[in-house]
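*Asks:* Handing over entry15.csv, CSV, C-alpha atoms.
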chain,number,residue,atom,x,y,z
U,1,MET,CA,-64.1,74.0,-29.2
U,2,ILE,CA,-62.6,71.0,-27.4
U,3,GLN,CA,-63.7,67.4,-27.1
U,4,VAL,CA,-63.7,65.6,-23.7
U,5,LYS,CA,-64.8,62.1,-22.7
U,6,VAL,CA,-66.7,62.0,-19.4
U,7,LYS,CA,-66.7,58.8,-17.4
U,8,CYS,CA,-69.7,58.5,-15.1
U,9,PHE,CA,-69.5,56.5,-11.8
U,10,SER,CA,-72.1,55.4,-9.3
U,11,HIS,CA,-74.9,58.0,-8.8
U,12,VAL,CA,-73.9,59.9,-12.0
U,13,LYS,CA,-74.2,56.8,-14.1
U,14,TYR,CA,-77.7,56.1,-12.9
U,15,ALA,CA,-78.7,59.8,-13.1
U,16,LEU,CA,-77.6,60.2,-16.7
U,17,GLU,CA,-78.3,56.5,-17.6
U,18,THR,CA,-74.9,56.1,-19.3
U,19,ASP,CA,-71.4,55.3,-18.1
U,20,GLU,CA,-69.7,57.5,-20.7
U,21,LEU,CA,-70.4,60.8,-22.5
U,22,GLU,CA,-68.5,62.6,-25.4
U,23,LEU,CA,-68.9,66.3,-25.0
U,24,GLU,CA,-68.0,69.3,-27.2
U,25,LEU,CA,-67.1,72.2,-24.9
U,26,GLU,CA,-65.9,75.7,-25.4
U,27,ARG,CA,-62.2,76.3,-24.9
U,28,GLU,CA,-61.2,77.2,-21.3
U,29,THR,CA,-64.1,75.3,-19.9
U,30,THR,CA,-63.2,74.4,-16.3
U,31,THR,CA,-64.1,71.3,-14.2
U,32,THR,CA,-66.4,73.4,-12.1
U,33,ARG,CA,-68.3,74.5,-15.2
U,34,LEU,CA,-68.5,70.9,-16.4
U,35,ASP,CA,-69.9,69.8,-13.0
U,36,LYS,CA,-72.6,72.4,-13.4
U,37,LEU,CA,-73.4,71.2,-17.0
U,38,ILE,CA,-73.6,67.6,-15.8
U,39,ARG,CA,-76.0,68.6,-13.0
U,40,GLU,CA,-78.2,70.4,-15.5
U,41,LYS,CA,-78.3,67.2,-17.7
U,42,ALA,CA,-79.2,65.1,-14.7
U,43,LYS,CA,-82.4,67.3,-14.1
U,44,GLY,CA,-82.2,67.3,-10.3
U,45,LYS,CA,-81.2,63.7,-9.9
U,46,LEU,CA,-77.8,64.7,-8.6
U,47,ASP,CA,-79.0,67.3,-6.1
U,48,GLY,CA,-77.3,66.7,-2.8
U,49,VAL,CA,-74.6,64.5,-4.4
U,50,SER,CA,-71.1,65.9,-4.1
U,51,LEU,CA,-68.7,65.0,-6.9
U,52,ARG,CA,-65.0,64.8,-7.1
U,53,VAL,CA,-63.4,65.3,-10.5
U,54,ALA,CA,-60.4,63.5,-11.9
U,55,VAL,CA,-58.8,64.4,-15.2
U,56,ASN,CA,-56.7,61.8,-17.0
U,57,GLN,CA,-56.8,59.5,-14.0
U,58,LYS,CA,-55.7,62.1,-11.5
U,59,TYR,CA,-57.6,64.1,-8.9
U,60,VAL,CA,-57.7,67.8,-9.8
U,61,PRO,CA,-58.7,70.9,-7.8
U,62,GLU,CA,-61.8,72.9,-8.6
U,63,GLU,CA,-61.6,75.3,-11.6
U,64,THR,CA,-59.1,73.2,-13.5
U,65,VAL,CA,-59.1,74.1,-17.1
U,66,LEU,CA,-59.9,71.2,-19.4
U,67,GLY,CA,-57.9,70.5,-22.6
U,68,ASP,CA,-58.9,68.8,-25.9
U,69,GLY,CA,-59.0,65.0,-25.6
U,70,ASP,CA,-59.1,65.0,-21.8
U,71,GLU,CA,-60.8,62.1,-20.0
U,72,VAL,CA,-62.8,63.4,-17.0
U,73,ALA,CA,-64.1,61.1,-14.3
U,74,LEU,CA,-67.0,62.2,-12.0
U,75,ILE,CA,-66.7,60.4,-8.7
U,76,PRO,CA,-69.3,60.6,-5.9
U,77,PRO,CA,-68.6,59.3,-2.4
U,78,VAL,CA,-70.4,56.0,-1.8
U,79,GLN,CA,-71.9,55.0,1.5
U,80,GLY,CA,-72.6,51.2,1.3
U,81,GLY,CA,-70.6,48.7,3.1
L,1,MET,CA,-51.1,11.9,0.8
L,2,ILE,CA,-49.7,14.9,2.7
L,3,ILE,CA,-47.7,15.1,5.9
L,4,THR,CA,-47.1,18.3,7.8
L,5,PRO,CA,-43.7,19.2,9.3
L,6,GLN,CA,-45.2,18.7,12.8
L,7,GLU,CA,-46.5,15.2,11.9
L,8,LEU,CA,-43.2,14.2,10.3
L,9,GLN,CA,-41.4,15.3,13.5
L,10,GLN,CA,-43.7,13.1,15.5
L,11,TRP,CA,-42.9,10.1,13.3
L,12,LYS,CA,-39.2,10.8,13.8
L,13,ASP,CA,-39.6,11.2,17.6
L,14,GLU,CA,-41.7,7.9,17.8
L,15,GLY,CA,-38.9,6.0,15.9
L,16,LYS,CA,-41.3,5.1,13.1
L,17,SER,CA,-39.7,3.4,10.1
L,18,PHE,CA,-39.9,5.6,7.0
L,19,THR,CA,-37.7,6.7,4.1
L,20,VAL,CA,-37.2,10.4,3.2
L,21,ILE,CA,-36.6,10.8,-0.5
L,22,ASP,CA,-35.2,14.2,-1.6
L,23,LEU,CA,-36.1,14.9,-5.2
L,24,ARG,CA,-34.5,18.4,-5.4
L,25,PRO,CA,-31.8,19.3,-8.0
L,26,ALA,CA,-28.3,19.4,-6.6
L,27,GLU,CA,-28.1,23.3,-6.5
L,28,GLN,CA,-31.2,23.4,-4.3
L,29,ARG,CA,-29.9,20.7,-2.0
L,30,GLU,CA,-26.6,22.6,-1.6
L,31,GLU,CA,-28.2,26.0,-1.1
L,32,PHE,CA,-30.9,24.7,1.3
L,33,PRO,CA,-29.6,21.6,3.2
L,34,LEU,CA,-32.3,19.5,4.8
L,35,ASP,CA,-32.2,20.1,8.5
L,36,GLY,CA,-32.0,17.1,10.8
L,37,LEU,CA,-33.4,14.4,8.4
L,38,ARG,CA,-31.4,11.6,6.7
L,39,SER,CA,-32.6,11.3,3.1
L,40,VAL,CA,-32.1,9.3,0.0
L,41,ILE,CA,-31.4,11.5,-3.1
L,42,ALA,CA,-33.4,10.6,-6.2
L,43,GLU,CA,-34.4,12.0,-9.5
L,44,LEU,CA,-38.0,12.5,-10.6
L,45,GLY,CA,-37.7,9.7,-13.2
L,46,SER,CA,-36.4,7.0,-10.8
L,47,ILE,CA,-38.1,7.3,-7.4
L,48,PRO,CA,-37.1,4.2,-5.3
L,49,ILE,CA,-40.2,2.4,-4.1
L,50,THR,CA,-39.9,0.9,-0.6
L,51,GLU,CA,-42.1,-1.4,1.5
L,52,SER,CA,-42.3,1.1,4.3
L,53,GLU,CA,-43.7,4.6,4.1
L,54,SER,CA,-41.9,7.2,2.1
L,55,VAL,CA,-41.8,10.9,2.5
L,56,LEU,CA,-41.1,12.7,-0.8
L,57,ILE,CA,-39.4,16.1,-0.4
L,58,CYS,CA,-39.1,19.0,-2.8
L,59,GLN,CA,-38.4,22.7,-2.0
L,60,PHE,CA,-42.0,23.9,-1.6
L,61,GLY,CA,-44.0,20.7,-1.4
L,62,ILE,CA,-45.8,21.4,-4.8
L,63,VAL,CA,-43.8,19.1,-7.1
L,64,THR,CA,-44.0,16.1,-4.7
L,65,GLU,CA,-47.8,16.5,-4.2
L,66,GLY,CA,-48.3,16.5,-7.9
L,67,ILE,CA,-46.1,13.4,-8.5
L,68,ILE,CA,-48.0,11.4,-5.8
L,69,ILE,CA,-51.3,12.1,-7.4
L,70,GLU,CA,-50.1,11.6,-11.0
L,71,ARG,CA,-48.3,8.3,-10.4
L,72,GLU,CA,-50.8,7.1,-7.8
L,73,LEU,CA,-47.9,6.2,-5.5
L,74,LYS,CA,-48.9,4.1,-2.5
L,75,ASN,CA,-47.4,4.7,1.0
L,76,ALA,CA,-45.9,7.9,-0.2
L,77,PHE,CA,-46.4,11.3,1.5
L,78,SER,CA,-45.6,14.8,0.3
L,79,LEU,CA,-44.1,17.1,2.9
L,80,LEU,CA,-46.4,20.1,3.1
L,81,GLY,CA,-44.5,23.3,2.4
L,82,GLY,CA,-41.4,21.2,1.5
L,83,VAL,CA,-37.9,21.9,2.8
L,84,GLN,CA,-38.7,25.5,3.2
L,85,ALA,CA,-41.5,24.7,5.8
L,86,TRP,CA,-39.5,21.9,7.4
L,87,ASN,CA,-36.4,24.0,8.0
L,88,ALA,CA,-38.4,26.8,9.4
L,89,TYR,CA,-40.2,24.4,11.7
L,90,GLN,CA,-36.8,23.0,12.8
L,91,SER,CA,-35.4,26.5,13.6
L,92,GLU,CA,-38.5,27.7,15.5
L,93,LYS,CA,-40.7,24.6,16.0
L,94,GLU,CA,-43.5,26.7,14.6
L,95,ASP,CA,-45.4,24.9,11.8
L,96,LEU,CA,-46.0,27.4,8.9
L,97,SER,CA,-46.9,24.7,6.4
L,98,ARG,CA,-50.5,25.6,6.7
L,99,TRP,CA,-49.7,28.7,4.6
L,100,SER,CA,-47.4,26.9,2.1
L,101,ARG,CA,-49.5,28.0,-0.8
L,102,GLN,CA,-48.9,31.6,-0.1
L,103,THR,CA,-45.3,31.4,1.3
L,104,VAL,CA,-44.3,29.8,-2.0
L,105,LEU,CA,-45.0,33.3,-3.5
L,106,PRO,CA,-41.6,34.9,-4.0
L,107,ASN,CA,-42.6,38.2,-2.4
L,108,ILE,CA,-44.3,36.6,0.6
L,109,GLY,CA,-42.1,33.7,1.7
L,110,LEU,CA,-41.7,32.7,5.3
L,111,GLU,CA,-40.5,36.2,6.3
L,112,GLY,CA,-43.8,37.7,4.9
L,113,GLN,CA,-45.8,35.0,6.7
L,114,LYS,CA,-44.2,35.9,10.0
L,115,LYS,CA,-45.1,39.5,9.5
L,116,LEU,CA,-48.7,38.5,9.0
L,117,LEU,CA,-48.7,36.3,12.1
L,118,ASN,CA,-47.3,39.2,14.1
L,119,ALA,CA,-49.8,41.7,12.7
L,120,THR,CA,-52.9,43.2,14.3
L,121,VAL,CA,-55.7,44.5,12.1
L,122,GLY,CA,-58.8,46.4,13.1
L,123,VAL,CA,-62.0,46.0,11.2
L,124,VAL,CA,-64.7,48.6,11.8
L,125,GLY,CA,-68.1,47.2,10.8
L,126,MET,CA,-68.9,43.5,10.5
L,127,GLY,CA,-71.4,43.7,7.6
L,128,GLY,CA,-71.0,43.1,3.9
L,129,LEU,CA,-67.4,44.3,3.7
L,130,GLY,CA,-66.2,43.3,7.2
L,131,CYS,CA,-67.3,39.7,6.9
L,132,PRO,CA,-65.3,38.8,3.8
L,133,ALA,CA,-62.3,41.0,4.7
L,134,SER,CA,-61.9,39.4,8.2
L,135,GLN,CA,-62.5,35.9,6.9
L,136,SER,CA,-59.8,36.2,4.3
L,137,LEU,CA,-57.4,37.9,6.8
L,138,ILE,CA,-57.8,35.2,9.4
L,139,ALA,CA,-57.3,32.5,6.7
L,140,ALA,CA,-54.2,34.3,5.6
L,141,GLY,CA,-52.7,34.0,9.1
L,142,ILE,CA,-53.2,37.5,10.6
L,143,GLY,CA,-52.3,37.0,14.2
L,144,LYS,CA,-54.8,39.3,15.8
L,145,LEU,CA,-58.0,40.8,14.6
L,146,LYS,CA,-60.0,43.5,16.5
L,147,ILE,CA,-63.6,43.8,15.3
L,148,ILE,CA,-66.1,46.4,16.3
L,149,ASP,CA,-69.8,46.6,15.6
L,150,GLY,CA,-72.9,47.3,17.7
L,151,ASP,CA,-75.4,45.6,15.3
L,152,ASN,CA,-77.3,42.3,15.6
L,153,VAL,CA,-77.6,39.8,12.8
L,154,GLU,CA,-80.8,40.2,10.7
L,155,LEU,CA,-82.3,37.9,8.1
L,156,SER,CA,-81.7,40.5,5.3
L,157,ASN,CA,-77.9,40.4,6.1
L,158,LEU,CA,-77.4,36.8,5.3
L,159,HIS,CA,-77.2,37.2,1.4
L,160,ARG,CA,-74.0,39.2,1.7
L,161,GLN,CA,-72.5,38.5,5.2
L,162,PRO,CA,-71.3,34.9,4.9
L,163,LEU,CA,-70.0,34.6,8.5
L,164,TYR,CA,-73.6,34.4,9.8
L,165,GLY,CA,-76.3,31.8,9.5
L,166,VAL,CA,-80.0,31.6,10.3
L,167,GLU,CA,-79.1,30.4,13.8
L,168,ASP,CA,-77.3,33.7,14.4
L,169,ILE,CA,-80.3,36.0,13.8
L,170,GLY,CA,-80.7,38.3,16.7
L,171,ARG,CA,-77.2,37.7,18.1
L,172,MET,CA,-74.5,40.4,18.2
L,173,LYS,CA,-72.6,40.3,14.9
L,174,VAL,CA,-69.2,40.5,16.6
L,175,GLN,CA,-70.0,37.5,18.8
L,176,ALA,CA,-71.1,35.3,16.0
L,177,ALA,CA,-68.2,36.4,13.8
L,178,LYS,CA,-65.7,35.7,16.6
L,179,GLU,CA,-66.9,32.1,16.8
L,180,LYS,CA,-66.7,31.5,13.1
L,181,LEU,CA,-63.3,33.2,12.7
L,182,GLU,CA,-61.8,31.2,15.6
L,183,LYS,CA,-62.9,28.0,14.0
L,184,LEU,CA,-61.0,29.0,10.9
L,185,ASN,CA,-57.8,29.5,12.8
L,186,ARG,CA,-57.7,28.5,16.4
L,187,ASP,CA,-54.3,30.2,17.0
L,188,ALA,CA,-55.6,33.6,15.9
L,189,ILE,CA,-56.8,36.1,18.5
L,190,VAL,CA,-60.1,37.8,17.8
L,191,GLU,CA,-60.9,40.6,20.1
L,192,ILE,CA,-64.4,42.1,20.0
L,193,VAL,CA,-66.0,45.4,20.8
L,194,ASP,CA,-69.8,45.1,20.8
L,195,VAL,CA,-70.8,48.8,20.3
L,196,PHE,CA,-70.6,51.1,17.2
L,197,ILE,CA,-67.5,53.1,16.8
L,198,ASN,CA,-68.0,56.6,18.4
L,199,ASP,CA,-66.1,59.6,19.7
L,200,ASP,CA,-65.3,57.9,23.0
L,201,ASN,CA,-64.1,54.4,21.8
L,202,GLY,CA,-62.6,55.2,18.4
L,203,LEU,CA,-59.1,56.2,19.2
L,204,ASN,CA,-58.7,53.5,21.8
L,205,PHE,CA,-59.8,50.9,19.2
L,206,ILE,CA,-57.5,52.1,16.4
L,207,SER,CA,-54.4,53.1,18.4
L,208,ASP,CA,-53.0,49.6,18.9
L,209,VAL,CA,-53.6,48.1,15.4
L,210,ASP,CA,-51.2,48.1,12.5
L,211,ILE,CA,-53.9,48.8,9.9
L,212,VAL,CA,-57.6,49.6,10.2
L,213,ILE,CA,-60.1,48.5,7.7
L,214,ASP,CA,-63.1,50.8,7.1
L,215,ALA,CA,-65.9,48.4,6.5
L,216,THR,CA,-68.6,50.8,7.7
L,217,ASP,CA,-71.9,51.5,5.8
L,218,ASN,CA,-72.3,55.3,6.3
L,219,ILE,CA,-70.3,58.4,5.8
L,220,PRO,CA,-70.4,59.8,9.4
L,221,ALA,CA,-68.8,56.5,10.5
L,222,ARG,CA,-66.2,56.6,7.7
L,223,LEU,CA,-65.3,60.2,8.8
L,224,LEU,CA,-64.8,58.9,12.4
L,225,VAL,CA,-62.5,56.1,11.2
L,226,ASP,CA,-60.6,58.6,9.1
L,227,ARG,CA,-60.2,61.0,12.0
L,228,PHE,CA,-58.9,58.4,14.4
L,229,SER,CA,-56.7,56.8,11.7
L,230,LYS,CA,-55.1,60.2,11.3
L,231,GLU,CA,-54.7,60.8,15.1
L,232,ALA,CA,-53.2,57.3,15.7
L,233,GLY,CA,-51.0,57.4,12.6
L,234,VAL,CA,-52.6,54.1,11.4
L,235,PRO,CA,-53.2,53.5,7.7
L,236,MET,CA,-56.9,53.1,6.8
L,237,VAL,CA,-58.0,50.7,4.0
L,238,TYR,CA,-61.2,52.2,2.8
L,239,GLY,CA,-64.0,50.3,1.0
L,240,GLY,CA,-67.4,51.6,-0.2
L,241,LEU,CA,-70.2,50.3,-2.3
L,242,TYR,CA,-73.0,51.6,-4.6
L,243,ARG,CA,-75.1,49.0,-6.3
L,244,TYR,CA,-72.8,47.2,-8.7
L,245,GLU,CA,-69.8,49.4,-8.0
L,246,GLY,CA,-67.1,49.5,-5.3
L,247,GLN,CA,-64.3,51.8,-4.3
L,248,VAL,CA,-61.1,50.9,-2.4
L,249,ALA,CA,-58.2,53.1,-1.3
L,250,ILE,CA,-55.4,53.1,1.2
L,251,LEU,CA,-55.7,56.4,3.1
L,252,ASN,CA,-53.7,58.2,5.7
L,253,ALA,CA,-50.5,56.2,4.9
L,254,ASN,CA,-47.2,58.0,5.1
L,255,GLY,CA,-48.8,61.4,5.3
L,256,ARG,CA,-51.0,60.8,2.2
L,257,SER,CA,-54.6,62.0,1.8
L,258,GLY,CA,-57.4,60.7,4.1
L,259,TYR,CA,-61.1,60.2,3.5
L,260,SER,CA,-61.9,63.9,4.3
L,261,GLU,CA,-59.5,65.0,1.6
L,262,LEU,CA,-60.8,62.4,-0.8
L,263,PHE,CA,-64.4,63.5,-0.4
L,264,PRO,CA,-64.5,66.9,1.4
L,265,GLU,CA,-68.3,67.3,0.9
L,266,PRO,CA,-70.3,64.3,2.2
L,267,PRO,CA,-73.5,63.6,0.3
L,268,SER,CA,-76.8,64.7,1.7
L,269,VAL,CA,-78.7,61.9,0.0
L,270,GLY,CA,-79.0,58.2,0.6
L,271,GLY,CA,-77.0,55.4,-1.0
L,272,THR,CA,-76.7,52.8,1.8
L,273,CYS,CA,-77.1,49.2,0.9
L,274,SER,CA,-80.6,49.2,2.3
L,275,ASP,CA,-81.9,52.0,0.1
L,276,ALA,CA,-79.8,51.6,-3.0
L,277,GLY,CA,-79.6,47.8,-3.0
L,278,VAL,CA,-76.6,45.4,-3.4
L,279,LEU,CA,-75.9,41.9,-4.6
L,280,GLY,CA,-73.9,39.9,-2.1
L,281,MET,CA,-71.0,39.2,-4.5
L,282,LEU,CA,-70.1,42.9,-4.7
L,283,PRO,CA,-69.1,43.3,-1.0
L,284,GLY,CA,-67.4,39.9,-1.3
L,285,ILE,CA,-65.2,41.3,-4.1
L,286,ILE,CA,-64.5,44.7,-2.5
L,287,GLY,CA,-64.0,43.3,1.0
L,288,ASN,CA,-61.5,40.8,-0.4
L,289,ILE,CA,-59.7,43.6,-2.3
L,290,GLN,CA,-59.4,45.4,1.1
L,291,ALA,CA,-58.0,42.3,2.7
L,292,LEU,CA,-55.5,41.9,-0.3
L,293,GLU,CA,-54.3,45.5,0.1
L,294,THR,CA,-54.0,44.9,3.9
L,295,VAL,CA,-51.8,41.8,3.4
L,296,LYS,CA,-49.7,43.7,0.7
L,297,LEU,CA,-49.2,46.6,3.1
L,298,ILE,CA,-48.2,44.4,6.0
L,299,VAL,CA,-45.7,42.3,4.0
L,300,GLY,CA,-44.4,45.3,2.0
L,301,ILE,CA,-45.6,44.3,-1.5
L,302,LYS,CA,-45.8,47.0,-4.2
L,303,PRO,CA,-47.5,48.4,-6.1
L,304,ASN,CA,-50.4,48.9,-3.8
L,305,LEU,CA,-53.3,51.4,-3.5
L,306,VAL,CA,-51.5,53.9,-1.3
L,307,GLY,CA,-52.6,57.3,-2.5
L,308,LYS,CA,-54.9,55.8,-5.2
L,309,LEU,CA,-58.6,55.2,-5.5
L,310,LEU,CA,-59.7,52.0,-7.2
L,311,MET,CA,-63.1,51.9,-8.7
L,312,TYR,CA,-64.5,48.5,-9.7
L,313,ASP,CA,-67.6,48.0,-11.8
L,314,GLY,CA,-69.2,44.6,-11.3
L,315,MET,CA,-71.4,45.0,-14.5
L,316,SER,CA,-68.7,45.6,-17.1
L,317,HIS,CA,-65.9,44.1,-14.9
L,318,THR,CA,-63.7,47.1,-15.5
L,319,ALA,CA,-61.5,48.8,-13.0
L,320,GLN,CA,-60.1,52.3,-13.0
L,321,THR,CA,-57.4,53.7,-10.7
L,322,ILE,CA,-57.3,57.4,-9.9
L,323,GLU,CA,-54.2,59.1,-8.4
L,324,LEU,CA,-55.2,61.1,-5.3
For the file at hand, write its structure as structure tokens.
*Replies:*
Amino acid sequence: MIQVKVKCFSHVKYALETDELELELERETTTTRLDKLIREKAKGKLDGVSLRVAVNQKYVPEETVLGDGDEVALIPPVQGG
Amino acid sequence: MIITPQELQQWKDEGKSFTVIDLRPAEQREEFPLDGLRSVIAELGSIPITESESVLICQFGIVTEGIIIERELKNAFSLLGGVQAWNAYQSEKEDLSRWSRQTVLPNIGLEGQKKLLNATVGVVGMGGLGCPASQSLIAAGIGKLKIIDGDNVELSNLHRQPLYGVEDIGRMKVQAAKEKLEKLNRDAIVEIVDVFINDDNGLNFISDVDIVIDATDNIPARLLVDRFSKEAGVPMVYGGLYRYEGQVAILNANGRSGYSELFPEPPSVGGTCSDAGVLGMLPGIIGNIQALETVKLIVGIKPNLVGKLLMYDGMSHTAQTIEL
């Protein structure tokens, strides 16, 4: 198992009612799988919200494999201005 | 009391009686001789007091201003911007002393100020982000601002759009903004386009600016700014808001990612200021960060947000930068 810290921004923060999560995940878990897990936790509140994922302060492509101790940021686009 | 280089030149031309007292150390006097003014050299501890008016001079006008206030010197004036501003005025007869507080910064200086005065910046959207961004840019000495918005001022705008007052309700935002911005700096040019950015006017609006600020309030408009920024090869300073959070990035600069690469899938749900809510200070902060990054890009100050996304949280006052 691996431990990752998930930082939640904007819509994700309000959907999960927290700005940070500590998760224990199976080895070889990808960012795409994590995105799915987060949406399940949000119980529909993130439907229609696209998310970009950064690992250790760097944007990563889909299906990036997570490592133990990684810090993952979930970033939705924001409209307001 | 303070005197600008222009006013001092006027005193000189009128033949007025005054004494110029140079308080700079010898090395500074040798490296930057005072251009066209006879002066008495003095040290800070022994400033000669004269009956007639005195103009105290230091390199940047900061030391002399402090001395006059501290020692309550009568009939003494501090030269705004100091020798640096005076000599620049002598060489070009252009008074840059107005920006002395920013030209004193080592990585701006007079050269940086001239770049700002010669720059043209486009601002798309004159709402919560566009108001503070354009206000700060005009104050910083940007020579020309192009602003585009097809909206009218509404009562619910006033808590976060400080360029407008109750008397502006119902007026075109760009018209009211132009009047306020020109009051701030009469030498700046403010060009307005009083329709929303669209497929027909976008490229024309962006193609002759040095930098475009995306201060829009919806994703389709952001994608239009992104597209025309790419087509025109003009960097885009993106800003976005959600409740207490804001994002800023410099996109499409030197072949780096644009908005459509940053967020390839636009959201299908809301999140505009009208449905998610926003406190007025948040767009003030984010719009000013956009203006700051614009100034840094024009002057050439690094590090900057090229290829990075800044996320600011107004609740915890934390900021995180992600590499794109």
*Asks:* Between L:Met236, L:Leu292, L:Met126, L:Leu44, which has the minimum distance to chain U (counting all atoms listed in the file)?
*Replies:* L:Met126
*Asks:* Taking into account all atoms listed in the file, which residue in the set L:Leu163, L:Ile197, L:Cys131, L:Ile250 is nearest to chain U?
*Replies:*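 Using all atoms listed in the file, chain U sits closest to L:Cys131.
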*Asks:* Considering all atoms listed in the file, state which residue in the set U:Lys5, U:Leu66, U:Gly48, U:Thr32 is at the smallest distance from U:Asp19.
*Replies:*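 Of all the options, U:Lys5 lies closest to U:Asp19.
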*Asks:* Based on only C-alpha atoms, which of the residues in chain U come within 12 Å of chain L? I want them as a PyMOL selection string.
*Replies:* chain U and resi 7-14+19+45-62+71-81
*Asks:* Point out the residue among L:Gly45, L:Gly141, L:Gly170, L:Pro132 with the least atom-to-atom distance to L:Val153, counting all atoms listed in the file.
*Replies:* L:Gly170
*Asks:* How many Å separate atom CA of L:Leu251 from atom CA of L:Ile206?
*Replies:*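 That distance, rounded to one decimal, is 14.1 Å.
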*Asks:* Could you state the separation of atom CA of L:Ser316 and atom CA of U:Glu17 in Å, given to one decimal place?
*Replies:*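 So the answer is 14.5 Å.
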*Asks:* Interatomic distance between atom CA of L:Ile108 and atom CA of L:Ala88?
*Replies:*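 Between these atoms lies a distance of 14.4 Å.
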*Asks:* Kindly extract all protein, DNA and RNA residues lying within 9 Å of the coordinates (-43.0, 9.5, 9.3) given in the file, considering all atoms listed in the file, and supply them as a PyMOL selection string.
*Replies:* chain L and resi 3+7-12+14-20+53-55+77
*Asks:* Calculated over all atoms listed in the file, which of the candidates L:Val124, L:Ile41, L:Ile21, L:Ile138 has the smallest distance to L:Val295?
*Replies:*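 Residue with the minimum atom-to-atom distance to L:Val295: L:Ile138.
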*Asks:* Which residues are near L:Gly122? Cut-off 8 Å, all atoms listed in the file, ignore same chain within fewer than 4 positions. Put them as a PyMOL selection string.
*Replies:* chain L and resi 145-148+205-206+209-213
*Asks:* Point out the residue among L:Asn304, L:Ser100, L:Thr64, L:Asn75 with the least atom-to-atom distance to L:Ile49, counting all atoms listed in the file.
*Replies:*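 Nearest candidate to L:Ile49 out of L:Asn304, L:Ser100, L:Thr64, L:Asn75: L:Asn75.
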*Asks:* For stretch 91-94 of chain L, find every residue with an atom within 10 Å (counting only C-alpha atoms), except residues of its own chain fewer than 3 positions away, and show them as a PyMOL selection string.
*Replies:* chain L and resi 5-6+9+35+85-88+97
*Asks:* Quick one: residues within 7 Å of stretch 22-28 of chain U, all atoms listed in the file counted, chain neighbours fewer than 3 positions away excluded, as a VMD selection string?
*Replies:* chain U and resid 1 to 6 65 to 66
